[in-house]
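The file work-v7.json comes next; it holds JSON, C-alpha atoms.
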[["chain", "number", "residue", "atom", "x", "y", "z"],
["A", 1, "GLN", "CA", -7.30, 5.25, -0.36],
["A", 2, "LEU", "CA", -5.65, 3.07, -3.00],
["A", 3, "HIS", "CA", -5.17, 4.65, -6.41],
["A", 4, "PHE", "CA", -3.93, 2.20, -9.04],
["A", 5, "LEU", "CA", -1.76, 3.88, -11.66],
["A", 6, "GLY", "CA", -0.55, 0.75, -13.43],
["A", 7, "THR", "CA", -2.03, -2.75, -13.20],
["A", 8, "GLY", "CA", -0.42, -4.61, -16.11],
["A", 9, "ALA", "CA", 2.31, -7.23, -16.19],
["A", 10, "GLY", "CA", 5.65, -7.13, -17.98],
["A", 11, "MET", "CA", 5.02, -4.33, -20.44],
["A", 12, "PRO", "CA", 2.42, -1.64, -21.05],
["A", 13, "SER", "CA", -0.68, -2.35, -23.09],
["A", 14, "LYS", "CA", -3.48, -0.16, -24.38],
["A", 15, "GLU", "CA", -5.58, -1.04, -21.33],
["A", 16, "ARG", "CA", -2.95, -1.28, -18.57],
["A", 17, "ASN", "CA", 0.30, 0.48, -17.77],
["A", 18, "THR", "CA", 3.11, -1.15, -15.81],
["A", 19, "SER", "CA", 3.05, -1.49, -12.03],
["A", 20, "ALA", "CA", 2.38, 1.47, -9.74],
["A", 21, "LEU", "CA", 0.05, 1.92, -6.79],
["A", 22, "MET", "CA", -0.40, 5.13, -4.81],
["A", 23, "VAL", "CA", -1.54, 4.69, -1.21],
["A", 24, "LYS", "CA", -3.07, 7.98, -0.09],
["A", 25, "LEU", "CA", -2.72, 8.61, 3.64],
["A", 26, "LEU", "CA", -3.60, 12.29, 3.54],
["A", 27, "ASP", "CA", -6.14, 12.07, 6.36],
["A", 28, "GLU", "CA", -3.89, 9.90, 8.50],
["A", 29, "VAL", "CA", -0.41, 11.47, 8.13],
["A", 30, "SER", "CA", -0.75, 13.96, 5.25],
["A", 31, "GLU", "CA", 1.44, 11.78, 3.05],
["A", 32, "MET", "CA", 1.26, 9.55, -0.01],
["A", 33, "TRP", "CA", 3.26, 6.35, -0.44],
["A", 34, "LEU", "CA", 4.05, 4.93, -3.87],
["A", 35, "PHE", "CA", 4.44, 1.18, -4.32],
["A", 36, "ASP", "CA", 6.49, 0.38, -7.44],
["A", 37, "CYS", "CA", 7.04, 2.85, -10.24],
["A", 38, "GLY", "CA", 6.88, 1.27, -13.66],
["A", 39, "GLU", "CA", 7.58, 3.06, -16.91],
["A", 40, "ALA", "CA", 5.37, 6.14, -17.50],
["A", 41, "THR", "CA", 4.01, 6.28, -13.97],
["A", 42, "GLN", "CA", 4.35, 10.05, -14.04],
["A", 43, "HIS", "CA", 2.28, 10.12, -17.24],
["A", 44, "GLN", "CA", -0.47, 8.27, -15.39],
["A", 45, "ILE", "CA", -0.27, 10.80, -12.56],
["A", 46, "LEU", "CA", -0.90, 13.62, -15.04],
["A", 47, "HIS", "CA", -4.47, 12.32, -15.42],
["A", 48, "THR", "CA", -5.11, 12.63, -11.68],
["A", 49, "SER", "CA", -5.06, 15.23, -8.92],
["A", 50, "LEU", "CA", -2.14, 13.44, -7.21],
["A", 51, "LYS", "CA", 0.79, 15.66, -6.27],
["A", 52, "PRO", "CA", 4.26, 14.04, -6.52],
["A", 53, "ARG", "CA", 5.60, 16.43, -3.87],
["A", 54, "LYS", "CA", 3.21, 14.78, -1.39],
["A", 55, "VAL", "CA", 4.92, 11.42, -1.94],
["A", 56, "THR", "CA", 7.27, 10.91, 0.99],
["A", 57, "LYS", "CA", 8.05, 7.20, 0.59],
["A", 58, "ILE", "CA", 8.47, 4.82, -2.32],
["A", 59, "PHE", "CA", 8.45, 1.06, -1.80],
["A", 60, "ILE", "CA", 9.91, -1.08, -4.58],
["A", 61, "THR", "CA", 9.11, -4.78, -4.58],
["A", 62, "HIS", "CA", 11.87, -5.91, -6.97],
["A", 63, "LEU", "CA", 14.18, -4.71, -9.71],
["A", 64, "HIS", "CA", 12.37, -5.85, -12.85],
["A", 65, "GLY", "CA", 11.90, -3.01, -15.31],
["A", 66, "ASP", "CA", 8.11, -2.99, -15.22],
["A", 67, "HIS", "CA", 8.39, -2.04, -11.54],
["A", 68, "ILE", "CA", 11.25, 0.53, -11.56],
["A", 69, "LEU", "CA", 11.77, 2.14, -14.97],
["A", 70, "GLY", "CA", 9.53, 5.08, -14.10],
["A", 71, "LEU", "CA", 11.64, 6.08, -11.10],
["A", 72, "PRO", "CA", 14.22, 8.40, -12.74],
["A", 73, "GLY", "CA", 11.54, 10.47, -14.42],
["A", 74, "PHE", "CA", 9.35, 10.58, -11.34],
["A", 75, "LEU", "CA", 12.23, 11.66, -9.10],
["A", 76, "SER", "CA", 13.24, 14.39, -11.53],
["A", 77, "SER", "CA", 9.70, 15.69, -12.02],
["A", 78, "ARG", "CA", 9.18, 15.83, -8.27],
["A", 79, "SER", "CA", 11.90, 18.50, -8.22],
["A", 80, "PHE", "CA", 10.34, 20.47, -11.07],
["A", 81, "GLN", "CA", 6.96, 20.38, -9.32],
["A", 82, "GLY", "CA", 8.16, 21.98, -6.10],
["A", 83, "GLY", "CA", 9.14, 18.96, -4.09],
["A", 84, "ASP", "CA", 11.66, 19.88, -1.41],
["A", 85, "GLU", "CA", 10.76, 17.47, 1.39],
["A", 86, "PRO", "CA", 12.96, 14.39, 1.89],
["A", 87, "LEU", "CA", 11.99, 11.25, 0.00],
["A", 88, "THR", "CA", 12.79, 7.76, 1.31],
["A", 89, "ILE", "CA", 13.05, 4.83, -1.08],
["A", 90, "PHE", "CA", 12.74, 1.28, 0.23],
["A", 91, "GLY", "CA", 13.81, -1.60, -1.96],
["A", 92, "PRO", "CA", 16.03, -4.62, -2.55],
["A", 93, "ALA", "CA", 19.82, -4.56, -2.72],
["A", 94, "GLY", "CA", 21.02, -2.87, -5.90],
["A", 95, "LEU", "CA", 18.24, -0.31, -6.15],
["A", 96, "GLN", "CA", 20.27, 2.51, -4.60],
["A", 97, "GLN", "CA", 23.19, 1.85, -6.94],
["A", 98, "TRP", "CA", 20.95, 1.85, -10.01],
["A", 99, "ILE", "CA", 19.20, 5.09, -9.06],
["A", 100, "GLU", "CA", 22.36, 6.94, -8.08],
["A", 101, "GLN", "CA", 24.21, 5.92, -11.24],
["A", 102, "THR", "CA", 21.24, 6.83, -13.43],
["A", 103, "LEU", "CA", 20.92, 10.27, -11.84],
["A", 104, "ALA", "CA", 24.67, 10.86, -12.01],
["A", 105, "LEU", "CA", 25.10, 9.81, -15.64],
["A", 106, "SER", "CA", 22.10, 11.87, -16.74],
["A", 107, "LYS", "CA", 23.28, 14.79, -14.57],
["A", 108, "THR", "CA", 19.87, 14.96, -12.90],
["A", 109, "HIS", "CA", 19.81, 17.35, -9.94],
["A", 110, "LEU", "CA", 17.23, 16.83, -7.22],
["A", 111, "THR", "CA", 16.03, 19.67, -5.01],
["A", 112, "TYR", "CA", 15.38, 17.39, -2.05],
["A", 113, "PRO", "CA", 17.32, 14.82, -0.01],
["A", 114, "LEU", "CA", 17.03, 11.21, -1.16],
["A", 115, "ARG", "CA", 17.31, 8.47, 1.43],
["A", 116, "PHE", "CA", 17.55, 4.73, 0.87],
["A", 117, "VAL", "CA", 16.55, 1.75, 2.99],
["A", 118, "GLU", "CA", 17.77, -1.63, 1.76],
["A", 119, "VAL", "CA", 14.90, -3.97, 2.52],
["A", 120, "GLN", "CA", 15.38, -7.20, 4.40],
["A", 121, "GLU", "CA", 12.82, -9.44, 6.03],
["A", 122, "GLY", "CA", 11.20, -8.12, 9.19],
["A", 123, "LEU", "CA", 10.24, -4.69, 10.47],
["A", 124, "ILE", "CA", 11.47, -2.04, 8.04],
["A", 125, "TYR", "CA", 9.61, 1.04, 9.27],
["A", 126, "GLU", "CA", 7.74, 2.28, 12.32],
["A", 127, "ASP", "CA", 6.39, 5.63, 13.46],
["A", 128, "ALA", "CA", 3.60, 6.77, 15.78],
["A", 129, "HIS", "CA", 0.95, 5.69, 13.29],
["A", 130, "PHE", "CA", 2.21, 2.71, 11.27],
["A", 131, "THR", "CA", 4.45, -0.33, 11.19],
["A", 132, "ILE", "CA", 5.64, -1.92, 7.96],
["A", 133, "HIS", "CA", 6.99, -5.43, 7.71],
["A", 134, "ALA", "CA", 8.58, -6.99, 4.63],
["A", 135, "ARG", "CA", 8.95, -10.60, 3.61],
["A", 136, "GLU", "CA", 10.72, -12.14, 0.64],
["A", 137, "LEU", "CA", 8.38, -13.88, -1.78],
["A", 138, "ARG", "CA", 9.10, -16.45, -4.48],
["A", 139, "HIS", "CA", 9.90, -14.86, -7.82],
["A", 140, "VAL", "CA", 12.79, -15.26, -10.24],
["A", 141, "VAL", "CA", 14.70, -12.39, -8.60],
["A", 142, "PRO", "CA", 14.63, -11.20, -4.96],
["A", 143, "CYS", "CA", 11.17, -9.74, -4.48],
["A", 144, "TYR", "CA", 9.36, -8.48, -1.39],
["A", 145, "GLY", "CA", 5.84, -8.04, -0.15],
["A", 146, "TYR", "CA", 4.90, -5.32, 2.32],
["A", 147, "ARG", "CA", 2.46, -5.44, 5.23],
["A", 148, "ILE", "CA", 1.30, -1.99, 6.39],
["A", 149, "GLU", "CA", -0.39, -1.97, 9.78],
["A", 150, "GLN", "CA", -2.05, 1.13, 11.16],
["A", 151, "LYS", "CA", -1.77, 1.36, 14.91],
["A", 152, "ASP", "CA", -4.98, 1.50, 16.92],
["A", 153, "LEU", "CA", -6.72, 4.87, 16.86],
["A", 154, "PRO", "CA", -7.66, 6.68, 20.09],
["A", 155, "GLY", "CA", -11.25, 6.23, 21.15],
["A", 156, "GLU", "CA", -13.75, 9.04, 20.66],
["A", 157, "LEU", "CA", -14.35, 11.41, 23.58],
["A", 158, "LEU", "CA", -17.91, 11.03, 24.83],
["A", 159, "ILE", "CA", -18.49, 14.74, 25.39],
["A", 160, "ASP", "CA", -22.08, 14.46, 26.61],
["A", 161, "LYS", "CA", -21.07, 11.93, 29.22],
["A", 162, "ALA", "CA", -18.11, 14.04, 30.33],
["A", 163, "GLN", "CA", -20.24, 17.16, 30.68],
["A", 164, "ALA", "CA", -22.87, 15.21, 32.59],
["A", 165, "LEU", "CA", -20.14, 14.38, 35.09],
["A", 166, "GLY", "CA", -19.39, 18.08, 35.49],
["A", 167, "VAL", "CA", -16.41, 18.52, 33.15],
["A", 168, "PRO", "CA", -16.49, 22.07, 31.74],
["A", 169, "LYS", "CA", -15.67, 22.97, 28.17],
["A", 170, "GLY", "CA", -11.98, 23.64, 27.69],
["A", 171, "PRO", "CA", -8.59, 21.99, 28.09],
["A", 172, "LEU", "CA", -9.80, 19.39, 30.60],
["A", 173, "LEU", "CA", -11.74, 17.69, 27.81],
["A", 174, "GLY", "CA", -8.55, 17.49, 25.78],
["A", 175, "GLN", "CA", -6.70, 15.86, 28.67],
["A", 176, "LEU", "CA", -9.42, 13.24, 28.98],
["A", 177, "LYS", "CA", -9.33, 12.54, 25.23],
["A", 178, "ASN", "CA", -5.57, 11.98, 25.50],
["A", 179, "GLY", "CA", -6.17, 9.36, 28.16],
["A", 180, "HIS", "CA", -5.33, 11.41, 31.27],
["A", 181, "ASP", "CA", -7.51, 11.38, 34.39],
["A", 182, "ILE", "CA", -8.45, 14.83, 35.72],
["A", 183, "VAL", "CA", -9.49, 16.43, 39.00],
["A", 184, "LEU", "CA", -12.32, 18.98, 38.96],
["A", 185, "GLU", "CA", -12.31, 22.11, 41.15],
["A", 186, "ASN", "CA", -14.61, 20.36, 43.62],
["A", 187, "GLY", "CA", -12.07, 17.56, 44.00],
["A", 188, "LYS", "CA", -14.01, 15.03, 41.98],
["A", 189, "VAL", "CA", -11.81, 12.67, 39.97],
["A", 190, "ILE", "CA", -12.91, 11.87, 36.41],
["A", 191, "GLN", "CA", -11.22, 8.85, 34.87],
["A", 192, "ALA", "CA", -10.55, 8.94, 31.14],
["A", 193, "LYS", "CA", -11.74, 5.37, 30.67],
["A", 194, "ASP", "CA", -15.20, 6.41, 31.81],
["A", 195, "VAL", "CA", -15.67, 9.10, 29.15],
["A", 196, "VAL", "CA", -13.58, 7.81, 26.22],
["A", 197, "ALA", "CA", -14.78, 5.09, 23.88],
["A", 198, "PRO", "CA", -12.53, 2.04, 23.33],
["A", 199, "ALA", "CA", -9.67, 2.42, 20.85],
["A", 200, "LYS", "CA", -10.51, 1.67, 17.23],
["A", 201, "LYS", "CA", -8.53, -1.00, 15.43],
["A", 202, "GLY", "CA", -6.38, 0.34, 12.61],
["A", 203, "PHE", "CA", -6.40, -1.17, 9.12],
["A", 204, "THR", "CA", -3.95, -3.71, 7.73],
["A", 205, "LEU", "CA", -2.95, -3.59, 4.07],
["A", 206, "THR", "CA", -0.74, -6.20, 2.38],
["A", 207, "ILE", "CA", 0.81, -5.38, -0.99],
["A", 208, "LEU", "CA", 2.65, -8.24, -2.63],
["A", 209, "GLY", "CA", 5.21, -8.00, -5.38],
["A", 210, "ASP", "CA", 5.49, -10.62, -8.11],
["A", 211, "THR", "CA", 5.33, -14.12, -6.68],
["A", 212, "LYS", "CA", 4.18, -17.62, -7.32],
["A", 213, "TYR", "CA", 1.80, -19.23, -4.84],
["A", 214, "CYS", "CA", 3.72, -19.60, -1.58],
["A", 215, "GLU", "CA", 3.44, -19.84, 2.19],
["A", 216, "GLU", "CA", 5.29, -16.53, 2.59],
["A", 217, "ALA", "CA", 2.46, -14.70, 0.83],
["A", 218, "ILE", "CA", -0.09, -16.31, 3.14],
["A", 219, "GLN", "CA", 1.85, -15.42, 6.27],
["A", 220, "LEU", "CA", 2.35, -11.80, 5.22],
["A", 221, "SER", "CA", -1.37, -11.50, 4.52],
["A", 222, "MET", "CA", -2.77, -13.11, 7.67],
["A", 223, "GLY", "CA", -5.88, -11.26, 8.84],
["A", 224, "ALA", "CA", -5.30, -8.29, 6.52],
["A", 225, "ASP", "CA", -8.22, -6.06, 5.67],
["A", 226, "ILE", "CA", -6.99, -5.65, 2.08],
["A", 227, "LEU", "CA", -4.66, -7.87, 0.08],
["A", 228, "VAL", "CA", -3.25, -6.70, -3.26],
["A", 229, "HIS", "CA", -2.04, -9.85, -5.02],
["A", 230, "GLU", "CA", -0.69, -10.37, -8.51],
["A", 231, "ALA", "CA", -2.73, -12.48, -10.95],
["A", 232, "THR", "CA", -0.60, -12.63, -14.07],
["A", 233, "PHE", "CA", -2.16, -15.89, -15.27],
["A", 234, "ASP", "CA", -5.45, -17.76, -14.92],
["A", 235, "GLY", "CA", -6.34, -21.20, -13.65],
["A", 236, "THR", "CA", -5.64, -22.91, -16.98],
["A", 237, "THR", "CA", -1.94, -22.02, -16.88],
["A", 238, "THR", "CA", -0.91, -22.85, -13.31],
["A", 239, "GLU", "CA", 2.32, -24.64, -14.21],
["A", 240, "LEU", "CA", 3.34, -21.94, -16.68],
["A", 241, "ALA", "CA", 2.71, -19.28, -14.03],
["A", 242, "ALA", "CA", 4.93, -21.03, -11.50],
["A", 243, "SER", "CA", 7.74, -21.47, -14.03],
["A", 244, "TYR", "CA", 7.85, -17.69, -14.46],
["A", 245, "GLY", "CA", 7.56, -16.99, -10.74],
["A", 246, "HIS", "CA", 3.99, -15.75, -11.03],
["A", 247, "ALA", "CA", 0.56, -16.61, -9.64],
["A", 248, "THR", "CA", -2.87, -17.21, -11.12],
["A", 249, "ASN", "CA", -6.17, -15.63, -10.20],
["A", 250, "VAL", "CA", -7.18, -18.89, -8.53],
["A", 251, "GLU", "CA", -3.97, -19.06, -6.50],
["A", 252, "ALA", "CA", -4.40, -15.45, -5.36],
["A", 253, "ALA", "CA", -7.90, -16.35, -4.17],
["A", 254, "LYS", "CA", -6.51, -19.33, -2.26],
["A", 255, "VAL", "CA", -3.98, -17.07, -0.52],
["A", 256, "ALA", "CA", -6.77, -14.68, 0.46],
["A", 257, "GLN", "CA", -8.92, -17.55, 1.72],
["A", 258, "GLN", "CA", -6.15, -19.20, 3.73],
["A", 259, "ALA", "CA", -4.95, -15.90, 5.17],
["A", 260, "GLY", "CA", -8.45, -14.85, 6.23],
["A", 261, "VAL", "CA", -8.32, -11.43, 4.60],
["A", 262, "GLN", "CA", -11.38, -9.25, 4.16],
["A", 263, "TYR", "CA", -10.87, -8.13, 0.55],
["A", 264, "LEU", "CA", -8.68, -9.33, -2.33],
["A", 265, "LEU", "CA", -7.64, -7.01, -5.17],
["A", 266, "LEU", "CA", -6.27, -8.79, -8.23],
["A", 267, "ASN", "CA", -3.40, -6.84, -9.78],
["A", 268, "HIS", "CA", -0.59, -7.27, -12.36],
["A", 269, "LEU", "CA", -2.73, -8.82, -15.10],
["A", 270, "SER", "CA", -1.19, -10.11, -18.32],
["A", 271, "ALA", "CA", -2.06, -8.33, -21.57],
["A", 272, "ARG", "CA", -3.27, -11.70, -22.84],
["A", 273, "PHE", "CA", -6.50, -11.04, -20.97],
["A", 274, "LEU", "CA", -8.66, -8.73, -23.05],
["A", 275, "PRO", "CA", -11.63, -6.81, -21.62],
["A", 276, "HIS", "CA", -14.09, -9.51, -22.67],
["A", 277, "ASP", "CA", -12.04, -12.11, -20.76],
["A", 278, "LEU", "CA", -12.20, -10.31, -17.44],
["A", 279, "PRO", "CA", -15.70, -11.31, -16.21],
["A", 280, "GLN", "CA", -14.74, -14.99, -16.39],
["A", 281, "PHE", "CA", -11.28, -14.22, -14.95],
["A", 282, "LEU", "CA", -12.91, -12.56, -11.94],
["A", 283, "ALA", "CA", -15.59, -15.23, -11.56],
["A", 284, "GLU", "CA", -12.94, -17.96, -11.29],
["A", 285, "ALA", "CA", -11.38, -16.20, -8.31],
["A", 286, "GLN", "CA", -14.71, -15.36, -6.70],
["A", 287, "GLU", "CA", -15.70, -19.03, -6.69],
["A", 288, "ILE", "CA", -12.95, -19.50, -4.11],
["A", 289, "PHE", "CA", -12.95, -16.09, -2.45],
["A", 290, "PRO", "CA", -16.15, -14.09, -3.03],
["A", 291, "GLN", "CA", -14.74, -10.76, -1.81],
["A", 292, "THR", "CA", -12.45, -10.50, -4.83],
["A", 293, "LEU", "CA", -12.24, -7.36, -6.96],
["A", 294, "LEU", "CA", -10.32, -6.58, -10.14],
["A", 295, "THR", "CA", -8.02, -3.58, -10.33],
["A", 296, "ALA", "CA", -7.75, -1.32, -13.35],
["A", 297, "ASP", "CA", -5.63, 1.66, -14.24],
["A", 298, "GLN", "CA", -6.96, 4.78, -12.44],
["A", 299, "ALA", "CA", -9.26, 2.69, -10.24],
["A", 300, "VAL", "CA", -9.60, 4.09, -6.72],
["A", 301, "PHE", "CA", -10.61, 2.04, -3.68],
["A", 302, "THR", "CA", -11.43, 3.70, -0.36],
["A", 303, "TRP", "CA", -11.27, 2.01, 3.03],
["A", 304, "GLN", "CA", -14.07, 3.49, 5.09],
["A", 305, "ASN", "CA", -15.95, 2.15, 8.13],
["A", 306, "ASN", "CA", -14.24, -1.22, 7.76],
["A", 307, "GLN", "CA", -15.42, -1.58, 4.16],
["A", 308, "LEU", "CA", -13.78, -1.17, 0.79],
["A", 309, "ILE", "CA", -15.75, 1.08, -1.51]]
Would you mind writing the structure in this file as C-alpha cells?
Amino acid sequence: QLHFLGTGAGMPSKERNTSALMVKLLDEVSEMWLFDCGEATQHQILHTSLKPRKVTKIFITHLHGDHILGLPGFLSSRSFQGGDEPLTIFGPAGLQQWIEQTLALSKTHLTYPLRFVEVQEGLIYEDAHFTIHARELRHVVPCYGYRIEQKDLPGELLIDKAQALGVPKGPLLGQLKNGHDIVLENGKVIQAKDVVAPAKKGFTLTILGDTKYCEEAIQLSMGADILVHEATFDGTTTELAASYGHATNVEAAKVAQQAGVQYLLLNHLSARFLPHDLPQFLAEAQEIFPQTLLTADQAVFTWQNNQLI
C-alpha cells in the first residue's frame, strides 16, 4: 500500500506538502518504509493511522530541503512515540553528516539505534523477501531512484488434492507447503510439486527522485508494476523542466511507456498547477500512457491481485 504524505515540488502549498511517501508492507514484513521526508511530514502523519515506530527504513533520494527537512522532527518524534527498534536510513553521501550534526547541535536524544547506508548504484538491500536496487538519475545534485522487487511468493498448498492422495491433517501438510517431499506411513511418496501451486510473482515498485527525462529512469523502471515518477512541469515547458533537472507529465508518460510498466503515478507537482488545471494535466499524460494516475496528499493506492486500486 502506498500512502502519499506529500506530493508537491519545492515548497509546500495549500494543496500539497513537500515530498514524502509511506510504503506500507505490514502484511508482507510487518514494516513501513518511508521514501523522502520533506518539511512537516510528521504533521501529515498526524492525520492518518500510521505509526512512526513501525517505520524501520527511510530512503532519501537526494539532499534538497523539500525531501529531507522533515527528518529531524520525525526522528525525534519516533522516540517520543515509543519507537525503540533500530531505524536504517539510506541516502546519498552527506546525509549522515547532516543528520548527526543536526541531532548533536539540538541535543536531540533518540531511544533507538540509528544506522546509515550511503547509497551507490547497484544492490543496496536484500533480505528473504525483497531486493532494492538504486540508480543515479539526472538532477542538479546527486539523486537516486529506487527499485523495490518482492521475491516470488510460495505457491498455495492444494489441501484437497493432498488429502485425496492420503496426506493426513497435521505437520506433513506444512512440510509439503514448504516444498519438501514426504513419505506416508504406507511408504507412499508424495512430491510437493504435485500438491503445491506454482510460485506467485512478487510485485516491482520503482520510486524515482527528482530527475529530468533520462535513460537511467527507463532502465530502473523496466517491467515495474508501479512507477512513481515526478511531473514538476507540463508539456508546454519541456526545456524549462530540463534546465532545472526536472521532468514533465508527458516525459514521465514516455518513461512509463518505454519501460513497459503497468501503472504510472505522477508525483512532485509544481504549485503552479491549480486544481482546475489537473484534469488537462492528467489527460496529456494519459494520451501517451493510459494507465496514468495523479497522486495527491493523503491518497492511498493498494496493490491487490495484480491491480492498483
(message) For a cutoff of 6 Å around the file-coordinate point (-9.8, 1.4, 17.0), which residues qualify once you count all atoms listed in the file? I'd like the result as JSON, numbers by chain.
(response) {"A": [152, 153, 199, 200, 201, 202]}
(message) Give me the residues near stretch 185-187 of chain A as a VMD selection string, where near means some atom within 10 Å (using all atoms listed in the file) and where sequence neighbours in that chain fewer than 2 positions away do not count.
(response) chain A and resid 166 to 167 182 to 183 189 to 190
I want to know what sits within 10 Å of A:Glu85, based on only C-alpha atoms, with residues of the same chain fewer than 6 positions away left out; could you give that as a short mmCIF file (atom, residue, chain, number, x, y, z; two decimals) with C-alpha atoms, in the frame of the given file?
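After the write, out.cif holds the following:
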data_model
loop_
_atom_site.label_atom_id
_atom_site.label_comp_id
_atom_site.auth_asym_id
_atom_site.auth_seq_id
_atom_site.Cartn_x
_atom_site.Cartn_y
_atom_site.Cartn_z
CA ARG A 53 5.60 16.43 -3.87
CA LYS A 54 3.21 14.78 -1.39
CA VAL A 55 4.92 11.42 -1.94
CA THR A 56 7.27 10.91 0.99
CA ARG A 78 9.18 15.83 -8.27
CA SER A 79 11.90 18.50 -8.22
CA THR A 111 16.03 19.67 -5.01
CA TYR A 112 15.38 17.39 -2.05
CA PRO A 113 17.32 14.82 -0.01
CA LEU A 114 17.03 11.21 -1.16
#
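Across A:Val255, A:Leu110, A:Ala296, A:Leu240, the tightest approach to A:Ser221 is made by A:Val255 when counting all atoms listed in the file.
Excluding stretch 97-99 of chain A itself and same-chain residues fewer than 4 positions from it, the residues having an atom within 9 Å of it are Leu71, Pro72, Ala93, Leu103 and Ala104 of chain A, counting all atoms listed in the file.
Distances from A:Thr237, A:Ser76, A:Asn178, A:Thr295 to A:Lys107 were compared using all atoms listed in the file, and the smallest one belongs to A:Ser76.
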(request) May I have the residues at most 9 Å from (-15.2, -9.9, -3.6) in the file's coordinates, counting only C-alpha atoms, as a ChimeraX atom specification? (result) /A:262-265,285-286,289-294
(request) Go through A:Pro12, A:Gly174, A:Gly70, A:Pro142 one by one, measure the shortest atom-to-atom distance of each to A:Pro92 using only C-alpha atoms, and give the residue with the smallest value. (result) A:Pro142
(request) Using only C-alpha atoms, determine which residues lie at most 8 Å from A:Leu220, disregarding the query and same-chain residues fewer than 5 positions distant; provide the list as a PyMOL selection string. (result) chain A and resi 134-135+145-147+206
Export, as a JSON list (two decimals), keeping the file's coordinate frame, the selected residues with C-alpha atoms.
[["chain", "number", "residue", "atom", "x", "y", "z"],
["A", 134, "ALA", "CA", 8.58, -6.99, 4.63],
["A", 135, "ARG", "CA", 8.95, -10.60, 3.61],
["A", 145, "GLY", "CA", 5.84, -8.04, -0.15],
["A", 146, "TYR", "CA", 4.90, -5.32, 2.32],
["A", 147, "ARG", "CA", 2.46, -5.44, 5.23],
["A", 206, "THR", "CA", -0.74, -6.20, 2.38]]
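When all atoms listed in the file are used to compute distances to A:Tyr125, the closest of the residues A:Leu95, A:Leu26, A:Ile89, A:Leu21 turns out to be A:Ile89.
Atom CA of A:Val261 sits 25.6 Å away from atom CA of A:Phe273.
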(request) May I have the residues within 12 Å of A:Gly94 as a list in words, using all atoms listed in the file and disregarding those fewer than 5 positions away in the same chain? (result) Ile60, His62, Leu63, His64, Ile68, Ile99, Glu100, Gln101, Phe116, Val117, Glu118, Val119, Val141 and Pro142 of chain A
(message) Could you tell me how far atom CA of A:Gly8 sits from atom CA of A:His47, in Å to one decimal place?
(response) 17.4 Å
(message) Restricting the calculation to all atoms listed in the file: of A:Lys24, A:Lys161, A:His139, A:Lys212, which residue gets closest to A:Asn249?
(response) A:Lys212
(message) Could you check the closest approach to A:Leu25 for each of A:Gln298, A:Thr88, A:Gln150, A:Gln175 and tell me which residue wins, using all atoms listed in the file?
(response) A:Gln150
To box stretch 200-214 of chain A, take all atoms listed in the file, fit an axis-aligned box, add 6 Å on each side, and give centre and edge lengths in Å to one decimal, as lines of an AutoDock Vina configuration file.
center_x = -2.5
center_y = -9.0
center_z = 4.6
size_x = 28.0
size_y = 33.3
size_z = 37.3
(request) One decimal, Å: what's the distance from atom CA of A:Val300 over to atom CA of A:Leu269, could you say? (result) 16.9 Å
